[in-house]
file protein-v5.cif (mmCIF, C-alpha atoms)
data_target
#
loop_
_atom_site.label_atom_id
_atom_site.label_comp_id
_atom_site.auth_asym_id
_atom_site.auth_seq_id
_atom_site.Cartn_x
_atom_site.Cartn_y
_atom_site.Cartn_z
CA MET M 760 -10.48 -9.33 -14.75
CA GLU M 761 -8.96 -5.85 -14.96
CA ALA M 762 -7.83 -5.80 -11.30
CA GLU M 763 -6.08 -9.15 -11.68
CA GLU M 764 -4.19 -7.88 -14.71
CA LEU M 765 -3.14 -4.78 -12.78
CA ILE M 766 -1.75 -6.92 -9.97
CA LYS M 767 0.17 -9.13 -12.41
CA SER M 768 1.65 -6.09 -14.14
CA LEU M 769 2.75 -4.65 -10.79
CA GLN M 770 4.38 -7.95 -9.83
CA ALA M 771 6.29 -7.97 -13.13
CA SER M 772 7.35 -4.38 -12.55
CA PHE M 773 8.57 -5.18 -9.04
CA ASN M 774 10.69 -8.05 -10.34
CA GLN M 775 12.34 -5.60 -12.73
CA LEU M 776 13.16 -3.25 -9.86
CA VAL M 777 14.57 -6.13 -7.81
CA ASP M 778 16.99 -6.87 -10.64
CA GLU M 779 18.09 -3.21 -10.68
CA VAL M 780 18.78 -2.58 -6.98
CA THR M 781 22.44 -2.62 -6.00
CA TRP M 782 22.14 -3.17 -2.23
CA MET M 783 20.75 -6.72 -2.48
CA ASP M 784 22.83 -9.78 -3.41
CA ASP M 785 21.78 -12.13 -6.20
CA VAL M 786 20.66 -15.00 -3.93
CA THR M 787 18.36 -12.71 -1.94
CA LYS M 788 17.08 -11.13 -5.16
CA GLN M 789 16.02 -14.56 -6.40
CA ALA M 790 14.25 -15.27 -3.10
CA ALA M 791 12.49 -11.89 -3.28
CA LYS M 792 11.20 -12.61 -6.77
CA GLU M 793 10.01 -16.05 -5.67
CA LYS M 794 8.06 -14.49 -2.81
CA ASN M 795 6.62 -11.88 -5.14
CA ASN M 796 5.54 -14.49 -7.68
CA LEU M 797 3.77 -16.51 -4.96
CA ILE M 798 1.68 -13.60 -3.61
CA LYS M 799 -1.94 -14.69 -3.48
CA THR M 800 -4.69 -12.26 -4.49
CA ILE M 801 -8.21 -11.77 -3.15
CA ILE M 802 -10.36 -9.38 -5.18
CA GLY M 803 -13.73 -8.03 -4.09
CA GLN M 804 -14.16 -10.19 -1.00
CA PRO M 805 -12.84 -13.46 0.47
CA ASP M 806 -14.67 -16.52 -0.89
CA ILE M 807 -15.83 -17.46 2.60
CA LEU M 808 -18.18 -14.47 2.62
CA ASN M 809 -20.19 -16.24 -0.09
CA ASN M 810 -20.90 -19.06 2.38
CA LEU M 811 -24.35 -18.27 3.80
CA THR M 812 -23.98 -20.81 6.61
CA PHE M 813 -20.80 -19.09 7.75
CA ILE M 814 -22.50 -15.68 7.63
CA ASP M 815 -25.47 -16.91 9.67
CA GLU M 816 -23.17 -18.36 12.32
CA LEU M 817 -21.07 -15.21 12.36
CA TYR M 818 -24.00 -12.95 13.24
CA VAL M 819 -26.19 -15.35 15.25
CA ASN M 820 -25.68 -13.57 18.60
CA TYR M 821 -25.95 -10.02 17.33
CA THR M 822 -29.26 -8.43 18.39
CA TYR M 823 -30.10 -4.74 18.29
CA SER M 824 -32.77 -2.38 19.53
CA PRO M 825 -33.63 0.77 17.55
CA ASP M 826 -33.71 2.95 20.71
CA LEU M 827 -30.67 1.63 22.62
CA TYR M 828 -27.64 3.01 20.80
CA PHE M 829 -25.09 2.67 23.63
CA GLU M 830 -26.29 -0.83 24.55
CA ASN M 831 -26.05 -1.89 20.90
CA ILE M 832 -22.40 -0.79 20.72
CA ALA M 833 -21.55 -2.41 24.07
CA ASN M 834 -23.19 -5.69 23.03
CA SER M 835 -21.27 -5.75 19.74
CA LEU M 836 -17.97 -5.15 21.54
CA LYS M 837 -18.78 -7.87 24.07
CA ILE M 838 -19.48 -10.44 21.36
CA TYR M 839 -16.36 -9.40 19.43
CA THR M 840 -14.19 -9.75 22.55
CA LEU M 841 -15.63 -13.14 23.50
CA ARG M 842 -15.07 -14.42 19.97
CA ALA M 843 -11.47 -13.19 20.05
CA TRP M 844 -10.83 -15.03 23.35
CA GLN M 845 -12.36 -18.21 21.91
CA LEU M 846 -9.70 -18.17 19.19
CA LEU M 847 -6.89 -18.21 21.77
CA ARG M 848 -4.62 -21.23 21.23
CA GLN M 849 -6.77 -22.40 18.33
CA PRO M 850 -5.30 -23.08 14.86
CA VAL M 851 -5.07 -19.95 12.72
CA GLN M 852 -8.05 -19.55 10.38
CA GLU M 853 -6.40 -18.03 7.32
CA SER M 854 -9.72 -17.57 5.54
CA MET M 855 -11.28 -15.45 8.29
CA PRO M 856 -11.80 -11.94 6.84
CA PRO M 857 -10.82 -9.10 9.21
CA VAL M 858 -12.95 -6.52 7.39
CA THR M 859 -16.09 -6.33 5.29
CA ALA M 860 -16.14 -6.36 1.51
CA SER M 861 -17.69 -2.90 1.32
CA ASP M 862 -14.73 -1.24 3.05
CA VAL M 863 -12.71 1.15 0.91
CA ASN M 864 -9.45 -0.59 1.63
CA ALA M 865 -6.65 -2.80 0.39
CA TYR M 866 -4.14 -4.66 2.50
CA TYR M 867 -1.19 -7.05 2.46
CA ASP M 868 -1.27 -10.02 4.84
CA THR M 869 2.29 -10.89 5.91
CA PHE M 870 1.17 -14.22 7.41
CA ALA M 871 -0.48 -15.42 4.21
CA ASN M 872 1.68 -13.51 1.69
CA SER M 873 -1.49 -12.22 0.05
CA ILE M 874 -2.95 -8.97 -1.27
CA THR M 875 -6.64 -8.19 -0.82
CA LEU M 876 -8.50 -5.54 -2.81
CA LEU M 877 -11.93 -5.10 -1.23
CA GLY M 878 -14.96 -4.28 -3.34
CA GLY M 879 -15.31 -0.83 -1.83
CA ILE M 880 -12.00 0.39 -3.28
CA LEU M 881 -12.64 -0.98 -6.78
CA ARG M 882 -14.89 1.88 -7.77
CA PRO M 883 -14.56 5.55 -8.81
CA PRO M 884 -12.64 7.69 -8.20
CA VAL M 885 -9.98 5.11 -7.34
CA PHE M 886 -10.75 2.65 -10.12
CA LYS M 887 -13.03 2.17 -13.09
CA LYS M 888 -12.52 -0.29 -15.93
CA THR M 889 -13.23 2.34 -18.59
CA TYR M 890 -10.84 4.94 -17.14
CA PRO M 891 -7.65 5.67 -19.11
CA LYS M 892 -4.86 3.47 -17.88
CA TYR M 893 -2.83 6.44 -16.63
CA LEU M 894 -5.62 7.21 -14.14
CA ASN M 895 -6.05 3.62 -12.97
CA TYR M 896 -2.32 3.00 -12.65
CA GLY M 897 -1.85 6.29 -10.81
CA SER M 898 -4.56 5.48 -8.27
CA ILE M 899 -5.36 1.79 -7.71
CA GLY M 900 -2.08 0.77 -9.36
CA SER M 901 0.01 2.72 -6.85
CA ILE M 902 -2.13 1.27 -4.03
CA ILE M 903 -1.51 -2.26 -5.30
CA GLY M 904 2.20 -1.46 -5.55
CA HIS M 905 2.09 -0.09 -2.01
CA GLU M 906 0.59 -3.32 -0.64
CA LEU M 907 2.95 -5.48 -2.68
CA THR M 908 5.96 -3.57 -1.32
CA HIS M 909 4.83 -4.32 2.24
CA GLY M 910 6.10 -7.83 1.62
CA PHE M 911 9.59 -6.36 1.35
CA ASP M 912 9.63 -3.49 3.86
CA ASP M 913 11.00 -3.48 7.42
CA GLN M 914 8.25 -5.90 8.55
CA GLY M 915 7.58 -7.93 5.41
CA ARG M 916 11.22 -8.88 4.95
CA GLN M 917 10.98 -10.86 8.19
CA ARG M 918 8.56 -13.40 6.69
CA ASN M 919 9.33 -15.70 3.76
CA LYS M 920 7.26 -16.62 0.71
CA PHE M 921 5.05 -18.88 2.84
CA GLY M 922 4.44 -16.19 5.48
CA GLN M 923 6.70 -17.96 7.96
CA LEU M 924 8.94 -16.01 10.33
CA ALA M 925 12.42 -16.59 8.90
CA GLN M 926 15.61 -14.81 7.86
CA TRP M 927 15.41 -15.33 4.13
CA TRP M 928 17.58 -12.30 3.32
CA SER M 929 21.35 -12.54 3.58
CA GLN M 930 22.88 -10.66 6.49
CA THR M 931 24.62 -8.32 4.06
CA SER M 932 21.32 -7.46 2.36
CA ILE M 933 19.69 -6.79 5.75
CA GLU M 934 22.50 -4.46 6.75
CA ASN M 935 22.35 -2.65 3.42
CA PHE M 936 18.56 -2.33 3.67
CA ASN M 937 18.84 -0.86 7.16
CA GLN M 938 21.34 1.64 5.84
CA GLN M 939 19.09 2.56 2.89
CA LYS M 940 16.02 3.12 5.04
CA LYS M 941 17.83 5.72 7.21
CA CYS M 942 17.37 8.15 4.34
CA ILE M 943 13.58 7.60 4.35
CA ILE M 944 13.40 8.01 8.12
CA GLU M 945 15.35 11.26 8.04
CA GLN M 946 13.42 12.65 5.08
CA TYR M 947 10.00 12.18 6.66
CA SER M 948 11.20 13.27 10.11
CA ASN M 949 11.94 16.69 8.61
CA TYR M 950 8.32 17.22 7.50
CA THR M 951 6.03 19.21 9.78
CA VAL M 952 2.30 19.71 10.16
CA MET M 953 0.49 22.46 12.01
CA GLY M 954 -0.86 21.01 15.25
CA PRO M 955 -3.04 22.78 17.84
CA SER M 956 0.03 24.31 19.52
CA GLY M 957 2.22 24.90 16.46
CA PRO M 958 4.41 22.91 14.05
CA VAL M 959 4.84 19.22 14.80
CA HIS M 960 7.50 16.98 13.20
CA LEU M 961 6.54 13.61 11.78
CA VAL M 962 8.08 10.57 13.48
CA GLY M 963 9.86 9.08 10.49
CA GLY M 964 10.95 5.94 12.32
CA MET M 965 7.38 5.01 13.17
CA SER M 966 6.02 5.51 9.64
CA GLN M 967 9.01 4.07 7.77
CA GLY M 968 7.23 0.90 6.60
CA GLU M 969 4.32 2.80 5.06
CA ASN M 970 6.65 5.39 3.54
CA ILE M 971 8.80 2.67 1.97
CA ALA M 972 5.61 1.11 0.57
CA ASP M 973 4.38 4.47 -0.80
CA ASN M 974 7.67 5.16 -2.56
CA GLY M 975 7.99 1.65 -3.93
CA GLY M 976 4.35 1.47 -4.99
CA LEU M 977 4.54 4.71 -6.97
CA LYS M 978 7.71 3.66 -8.78
CA GLU M 979 6.39 0.17 -9.53
CA SER M 980 3.09 1.45 -10.86
CA PHE M 981 4.64 4.03 -13.16
CA ARG M 982 6.98 1.35 -14.48
CA ALA M 983 4.02 -0.99 -15.00
CA TYR M 984 2.11 1.74 -16.84
CA ARG M 985 5.02 2.44 -19.18
CA ASN M 986 5.40 -1.31 -19.79
CA TRP M 987 1.72 -1.37 -20.79
CA ILE M 988 2.21 1.59 -23.15
CA LYS M 989 5.18 -0.17 -24.71
CA GLU M 990 3.03 -3.25 -25.35
CA GLN M 991 0.34 -1.10 -27.00
CA GLY M 992 2.87 0.70 -29.17
CA LYS M 993 1.28 4.13 -28.69
CA GLU M 994 0.33 6.70 -26.05
CA GLU M 995 -3.22 7.04 -24.74
CA PRO M 996 -5.39 10.06 -25.59
CA THR M 997 -5.15 12.69 -22.87
CA LEU M 998 -8.09 14.30 -21.05
CA PRO M 999 -9.77 17.13 -22.99
CA GLY M 1000 -9.36 20.65 -21.64
CA LEU M 1001 -6.26 19.77 -19.59
CA ASN M 1002 -2.75 20.57 -20.72
CA PHE M 1003 -1.21 17.44 -19.21
CA THR M 1004 0.47 14.43 -20.80
CA GLY M 1005 -0.62 10.91 -19.90
CA ASN M 1006 2.49 10.49 -17.76
CA GLN M 1007 1.71 13.70 -15.88
CA LEU M 1008 -1.90 12.63 -15.37
CA PHE M 1009 -0.60 9.43 -13.79
CA PHE M 1010 0.99 11.51 -11.03
CA VAL M 1011 -2.07 13.77 -10.72
CA SER M 1012 -4.19 10.65 -10.22
CA PHE M 1013 -1.77 9.40 -7.56
CA ALA M 1014 -1.96 12.71 -5.70
CA GLN M 1015 -5.75 12.83 -5.74
CA ILE M 1016 -6.22 9.58 -3.83
CA TRP M 1017 -4.51 11.12 -0.78
CA CYS M 1018 -6.31 14.46 -0.95
CA SER M 1019 -7.76 15.25 2.50
CA ASN M 1020 -8.75 18.10 4.80
CA ASN M 1021 -7.76 17.50 8.44
CA ASN M 1022 -8.00 19.65 11.55
CA PRO M 1023 -4.85 20.44 13.59
CA ALA M 1024 -5.64 17.90 16.32
CA TYR M 1025 -5.90 15.06 13.84
CA LEU M 1026 -2.74 16.16 12.02
CA ASN M 1027 -0.94 16.12 15.38
CA TYR M 1028 -2.15 12.53 15.89
CA MET M 1029 -1.12 11.53 12.36
CA ALA M 1030 2.36 12.98 12.85
CA THR M 1031 3.08 11.42 16.23
CA ALA M 1032 0.99 8.26 16.63
CA GLU M 1033 0.02 6.92 13.19
CA VAL M 1034 2.06 4.56 11.00
CA HIS M 1035 0.80 6.38 7.88
CA SER M 1036 2.13 9.85 7.10
CA PRO M 1037 -0.43 12.65 6.55
CA GLY M 1038 -1.81 12.56 3.01
CA GLN M 1039 0.12 15.59 1.78
CA TYR M 1040 3.45 13.97 2.64
CA ARG M 1041 2.47 10.61 1.22
CA VAL M 1042 2.30 12.52 -2.06
CA ILE M 1043 5.17 14.99 -1.59
CA GLY M 1044 7.60 12.48 -0.08
CA SER M 1045 7.14 9.88 -2.80
CA ASN M 1046 7.31 12.38 -5.65
CA GLN M 1047 10.37 14.14 -4.24
CA ASN M 1048 12.18 10.81 -4.55
CA SER M 1049 10.81 10.03 -8.01
CA LEU M 1050 13.08 10.55 -10.99
CA ASP M 1051 10.04 9.88 -13.17
CA PHE M 1052 8.05 12.72 -11.58
CA SER M 1053 10.94 15.18 -11.86
CA ARG M 1054 11.47 14.31 -15.50
CA GLU M 1055 7.81 14.50 -16.51
CA PHE M 1056 7.23 17.87 -14.81
CA ASN M 1057 10.67 19.31 -15.69
CA CYS M 1058 11.55 20.08 -12.05
CA PRO M 1059 15.01 21.72 -11.79
CA VAL M 1060 17.58 19.72 -9.85
CA GLY M 1061 17.63 20.95 -6.25
CA SER M 1062 14.12 22.41 -6.40
CA TYR M 1063 11.57 21.45 -3.74
CA MET M 1064 10.09 18.58 -5.77
CA ASN M 1065 13.42 17.35 -7.13
CA ARG M 1066 15.64 16.66 -4.13
CA ARG M 1067 19.34 16.27 -4.83
CA GLU M 1068 19.49 13.38 -2.35
CA LYS M 1069 16.77 10.95 -3.31
CA CYS M 1070 15.82 8.14 -0.97
CA VAL M 1071 15.44 4.94 -2.98
CA ILE M 1072 15.01 1.41 -1.68
CA TRP M 1073 12.94 -0.19 -4.45
#
call {"tool": "encode", "arguments": {"input": "protein-v5.cif", "output": "structure tokens"}}
result
Amino acid sequence: MEAEELIKSLQASFNQLVDEVTWMDDVTKQAAKEKNNLIKTIIGQPDILNNLTFIDELYVNYTYSPDLYFENIANSLKIYTLRAWQLLRQPVQESMPPVTASDVNAYYDTFANSITLLGGILRPPVFKKTYPKYLNYGSIGSIIGHELTHGFDDQGRQRNKFGQLAQWWSQTSIENFNQQKKCIIEQYSNYTVMGPSGPVHLVGGMSQGENIADNGGLKESFRAYRNWIKEQGKEEPTLPGLNFTGNQLFFVSFAQIWCSNNNPAYLNYMATAEVHSPGQYRVIGSNQNSLDFSREFNCPVGSYMNRREKCVIW
């Protein structure tokens, strides 16, 4: 399957980056690659959703009336809450899906060391099997890389290859990582959005995990794409009517997945209370740190999109 091959190529790319980082010692590097190689993948939907008996039991108490909107919502919340309380002190059900297969989403589960790509995200404009690889790697590839990197960000590093809470990094690597991430925190804290009452600074400390994942995912996916090109022995045909190389179109594809139009109130919320940075800075921040982006678009050193001080963890 195309999605499975993309994930494998991103894992291989990440292992290459692990070998190249200078802040992590060799023993921790080996442990990181072991964790990466053991990441489980769920594509489309968890297998349990194919179990009709499970589905029937899951929805048995849900009843709705076409003319009682508020009551329908309240009843759904009541059932959801009761079910959550019933799980208290029960063994963890690792196969229980937290979302539906139609959601446009992908996520990394730190407890299971797994990546899930739901069916809703495996469709245009994010992914299509017949798209040129530079488009797929720029979009779904960078998303896969993002989720993969969550296993090695400020939260993921706290759980080992089996999803168990453990210190599997050396103390020196932890200290070096904490030093490296200060650059990311400072970078994103200097970005502002226009809120209802004026400019609002992003809270870089709160969004650091997602920003680390964005930066790592972009770098891993571009590396994976170039590895694929190397295997093919030739570049792909570019899109007609556009004066962009395949490498440049990779970054255009990456930017398009975060294209959004938000009102000031929502931007204020994104800046101050959301773990994800606003879409524009998910693009700008990652590309400002990307040597690949600067090279492919010939950005002068010190220009806005080619920062002199680049924040690099992976």
call {"tool": "residues_around", "arguments": {"input": "protein-v5.cif", "residues": "Glu906 in chain M", "least_positions_apart": "4", "cutoff": "7 Å", "atoms": "all atoms listed in the file", "output": "list of chain:residue names"}}
result
M:Tyr866, M:Tyr867, M:Ile874, M:Ile902, M:Ala972
call {"tool": "resolve_selection", "arguments": {"input": "protein-v5.cif", "expression": "the PyMOL selection byres ((chain M and resi 968) around 12)", "output": "MDAnalysis selection string"}}
result
chainID M and resid 905:906 908:916 937 940:941 943:944 947 962:967 969:976 1033:1036 1072
call {"tool": "resolve_selection", "arguments": {"input": "protein-v5.cif", "expression": "the PyMOL selection byres ((chain M and resi 992-1006) around 8)", "output": "PyMOL selection string"}}
result
chain M and resi 891-893+988-991+1007-1010+1055
call {"tool": "closest_residue", "arguments": {"input": "protein-v5.cif", "among": "M:Asn872, M:Gln939, M:Asn1046, M:Ser901", "to": "Leu924 in chain M", "atoms": "only C-alpha atoms"}}
result
M:Asn872
call {"tool": "resolve_selection", "arguments": {"input": "protein-v5.cif", "expression": "the PyMOL selection byres ((chain M and resi 776) around 12)", "output": "PyMOL selection string"}}
result
chain M and resi 769-775+777-783+788+791-792+795+904+908+975-976+978-983+1071-1073
call {"tool": "atom_distance", "arguments": {"input": "protein-v5.cif", "atom1": "CA of Leu1050 in chain M", "atom2": "CA of Met1064 in chain M"}}
result
10.0 Å
call {"tool": "residues_around", "arguments": {"input": "protein-v5.cif", "residues": "Ile838 in chain M", "least_positions_apart": "3", "cutoff": "8 Å", "atoms": "only C-alpha atoms", "output": "PDB file with C-alpha atoms, in the coordinates of the input"}}
result
ATOM      1  CA  ASN M 820     -25.680 -13.570  18.600  1.00  0.00           C
ATOM      2  CA  TYR M 821     -25.950 -10.020  17.330  1.00  0.00           C
ATOM      3  CA  ASN M 834     -23.190  -5.690  23.030  1.00  0.00           C
ATOM      4  CA  SER M 835     -21.270  -5.750  19.740  1.00  0.00           C
ATOM      5  CA  LEU M 841     -15.630 -13.140  23.500  1.00  0.00           C
ATOM      6  CA  ARG M 842     -15.070 -14.420  19.970  1.00  0.00           C
TER       7      ARG M 842
END
call {"tool": "residues_around", "arguments": {"input": "protein-v5.cif", "residues": "range 949-960 of chain M", "least_positions_apart": "5", "cutoff": "8 Å", "atoms": "only C-alpha atoms", "output": "ChimeraX atom specification"}}
result
/M:1023-1027,1030-1031,1040
call {"tool": "closest_residue", "arguments": {"input": "protein-v5.cif", "among": "M:Trp844, M:Glu816, M:Glu830, M:Leu961", "to": "Gln946 in chain M", "atoms": "all atoms listed in the file"}}
result
M:Leu961
call {"tool": "closest_residue", "arguments": {"input": "protein-v5.cif", "among": "M:Phe1056, M:Phe921, M:Tyr839, M:Trp1017", "to": "Pro884 in chain M", "atoms": "all atoms listed in the file"}}
result
M:Trp1017
call {"tool": "atom_distance", "arguments": {"input": "protein-v5.cif", "atom1": "CA of Thr889 in chain M", "atom2": "CA of Ile766 in chain M"}}
result
17.1 Å
call {"tool": "build_atoms", "arguments": {"input": "protein-v5.cif", "residues": "range 965-987 of chain M", "atoms": "N, CA, C and O atoms", "output": "mmCIF file, keeping the file's coordinate frame"}}
result
data_model
loop_
_atom_site.group_PDB
_atom_site.id
_atom_site.type_symbol
_atom_site.label_atom_id
_atom_site.label_comp_id
_atom_site.auth_asym_id
_atom_site.auth_seq_id
_atom_site.Cartn_x
_atom_site.Cartn_y
_atom_site.Cartn_z
ATOM 1 N N MET M 965 8.630 5.735 12.964
ATOM 2 C CA MET M 965 7.380 5.010 13.170
ATOM 3 C C MET M 965 6.666 4.730 11.852
ATOM 4 O O MET M 965 6.032 3.690 11.679
ATOM 5 N N SER M 966 6.759 5.645 10.908
ATOM 6 C CA SER M 966 6.020 5.510 9.640
ATOM 7 C C SER M 966 6.877 4.951 8.509
ATOM 8 O O SER M 966 6.435 4.917 7.358
ATOM 9 N N GLN M 967 8.078 4.474 8.820
ATOM 10 C CA GLN M 967 9.010 4.070 7.770
ATOM 11 C C GLN M 967 8.448 2.989 6.854
ATOM 12 O O GLN M 967 8.624 3.045 5.624
ATOM 13 N N GLY M 968 7.746 1.988 7.423
ATOM 14 C CA GLY M 968 7.230 0.900 6.600
ATOM 15 C C GLY M 968 6.230 1.391 5.558
ATOM 16 O O GLY M 968 6.291 1.003 4.384
ATOM 17 N N GLU M 969 5.312 2.263 5.981
ATOM 18 C CA GLU M 969 4.320 2.800 5.060
ATOM 19 C C GLU M 969 4.964 3.738 4.036
ATOM 20 O O GLU M 969 4.549 3.780 2.868
ATOM 21 N N ASN M 970 5.974 4.482 4.465
ATOM 22 C CA ASN M 970 6.650 5.390 3.540
ATOM 23 C C ASN M 970 7.457 4.614 2.491
ATOM 24 O O ASN M 970 7.484 4.989 1.313
ATOM 25 N N ILE M 971 8.091 3.542 2.919
ATOM 26 C CA ILE M 971 8.800 2.670 1.970
ATOM 27 C C ILE M 971 7.808 2.102 0.964
ATOM 28 O O ILE M 971 8.075 2.054 -0.247
ATOM 29 N N ALA M 972 6.636 1.678 1.450
ATOM 30 C CA ALA M 972 5.610 1.110 0.570
ATOM 31 C C ALA M 972 5.068 2.161 -0.390
ATOM 32 O O ALA M 972 4.817 1.867 -1.568
ATOM 33 N N ASP M 973 4.864 3.404 0.088
ATOM 34 C CA ASP M 973 4.380 4.470 -0.800
ATOM 35 C C ASP M 973 5.367 4.741 -1.918
ATOM 36 O O ASP M 973 4.988 4.854 -3.090
ATOM 37 N N ASN M 974 6.643 4.868 -1.559
ATOM 38 C CA ASN M 974 7.670 5.160 -2.560
ATOM 39 C C ASN M 974 7.812 4.024 -3.555
ATOM 40 O O ASN M 974 7.880 4.247 -4.772
ATOM 41 N N GLY M 975 7.864 2.799 -3.042
ATOM 42 C CA GLY M 975 7.990 1.650 -3.930
ATOM 43 C C GLY M 975 6.767 1.471 -4.813
ATOM 44 O O GLY M 975 6.884 1.188 -6.006
ATOM 45 N N GLY M 976 5.580 1.647 -4.231
ATOM 46 C CA GLY M 976 4.350 1.470 -4.990
ATOM 47 C C GLY M 976 4.227 2.436 -6.144
ATOM 48 O O GLY M 976 3.794 2.071 -7.245
ATOM 49 N N LEU M 977 4.606 3.703 -5.904
ATOM 50 C CA LEU M 977 4.540 4.710 -6.970
ATOM 51 C C LEU M 977 5.493 4.356 -8.106
ATOM 52 O O LEU M 977 5.117 4.395 -9.283
ATOM 53 N N LYS M 978 6.708 3.984 -7.761
ATOM 54 C CA LYS M 978 7.710 3.660 -8.780
ATOM 55 C C LYS M 978 7.306 2.417 -9.569
ATOM 56 O O LYS M 978 7.417 2.379 -10.806
ATOM 57 N N GLU M 979 6.811 1.400 -8.863
ATOM 58 C CA GLU M 979 6.390 0.170 -9.530
ATOM 59 C C GLU M 979 5.233 0.414 -10.480
ATOM 60 O O GLU M 979 5.198 -0.124 -11.596
ATOM 61 N N SER M 980 4.274 1.231 -10.036
ATOM 62 C CA SER M 980 3.090 1.450 -10.860
ATOM 63 C C SER M 980 3.412 2.261 -12.100
ATOM 64 O O SER M 980 2.878 1.976 -13.178
ATOM 65 N N PHE M 981 4.270 3.274 -11.965
ATOM 66 C CA PHE M 981 4.640 4.030 -13.160
ATOM 67 C C PHE M 981 5.391 3.140 -14.139
ATOM 68 O O PHE M 981 5.167 3.202 -15.353
ATOM 69 N N ARG M 982 6.266 2.296 -13.623
ATOM 70 C CA ARG M 982 6.980 1.350 -14.480
ATOM 71 C C ARG M 982 5.996 0.409 -15.178
ATOM 72 O O ARG M 982 6.121 0.141 -16.388
ATOM 73 N N ALA M 983 5.016 -0.086 -14.427
ATOM 74 C CA ALA M 983 4.020 -0.990 -15.000
ATOM 75 C C ALA M 983 3.202 -0.291 -16.080
ATOM 76 O O ALA M 983 2.887 -0.886 -17.122
ATOM 77 N N TYR M 984 2.869 0.986 -15.832
ATOM 78 C CA TYR M 984 2.110 1.740 -16.840
ATOM 79 C C TYR M 984 2.925 1.908 -18.117
ATOM 80 O O TYR M 984 2.413 1.702 -19.221
ATOM 81 N N ARG M 985 4.180 2.269 -17.990
ATOM 82 C CA ARG M 985 5.020 2.440 -19.180
ATOM 83 C C ARG M 985 5.247 1.111 -19.898
ATOM 84 O O ARG M 985 5.354 1.068 -21.132
ATOM 85 N N ASN M 986 5.307 0.013 -19.145
ATOM 86 C CA ASN M 986 5.400 -1.310 -19.790
ATOM 87 C C ASN M 986 4.148 -1.578 -20.617
ATOM 88 O O ASN M 986 4.233 -2.133 -21.724
ATOM 89 N N TRP M 987 2.976 -1.177 -20.070
ATOM 90 C CA TRP M 987 1.720 -1.370 -20.790
ATOM 91 C C TRP M 987 1.700 -0.534 -22.068
ATOM 92 O O TRP M 987 1.293 -1.020 -23.127
#
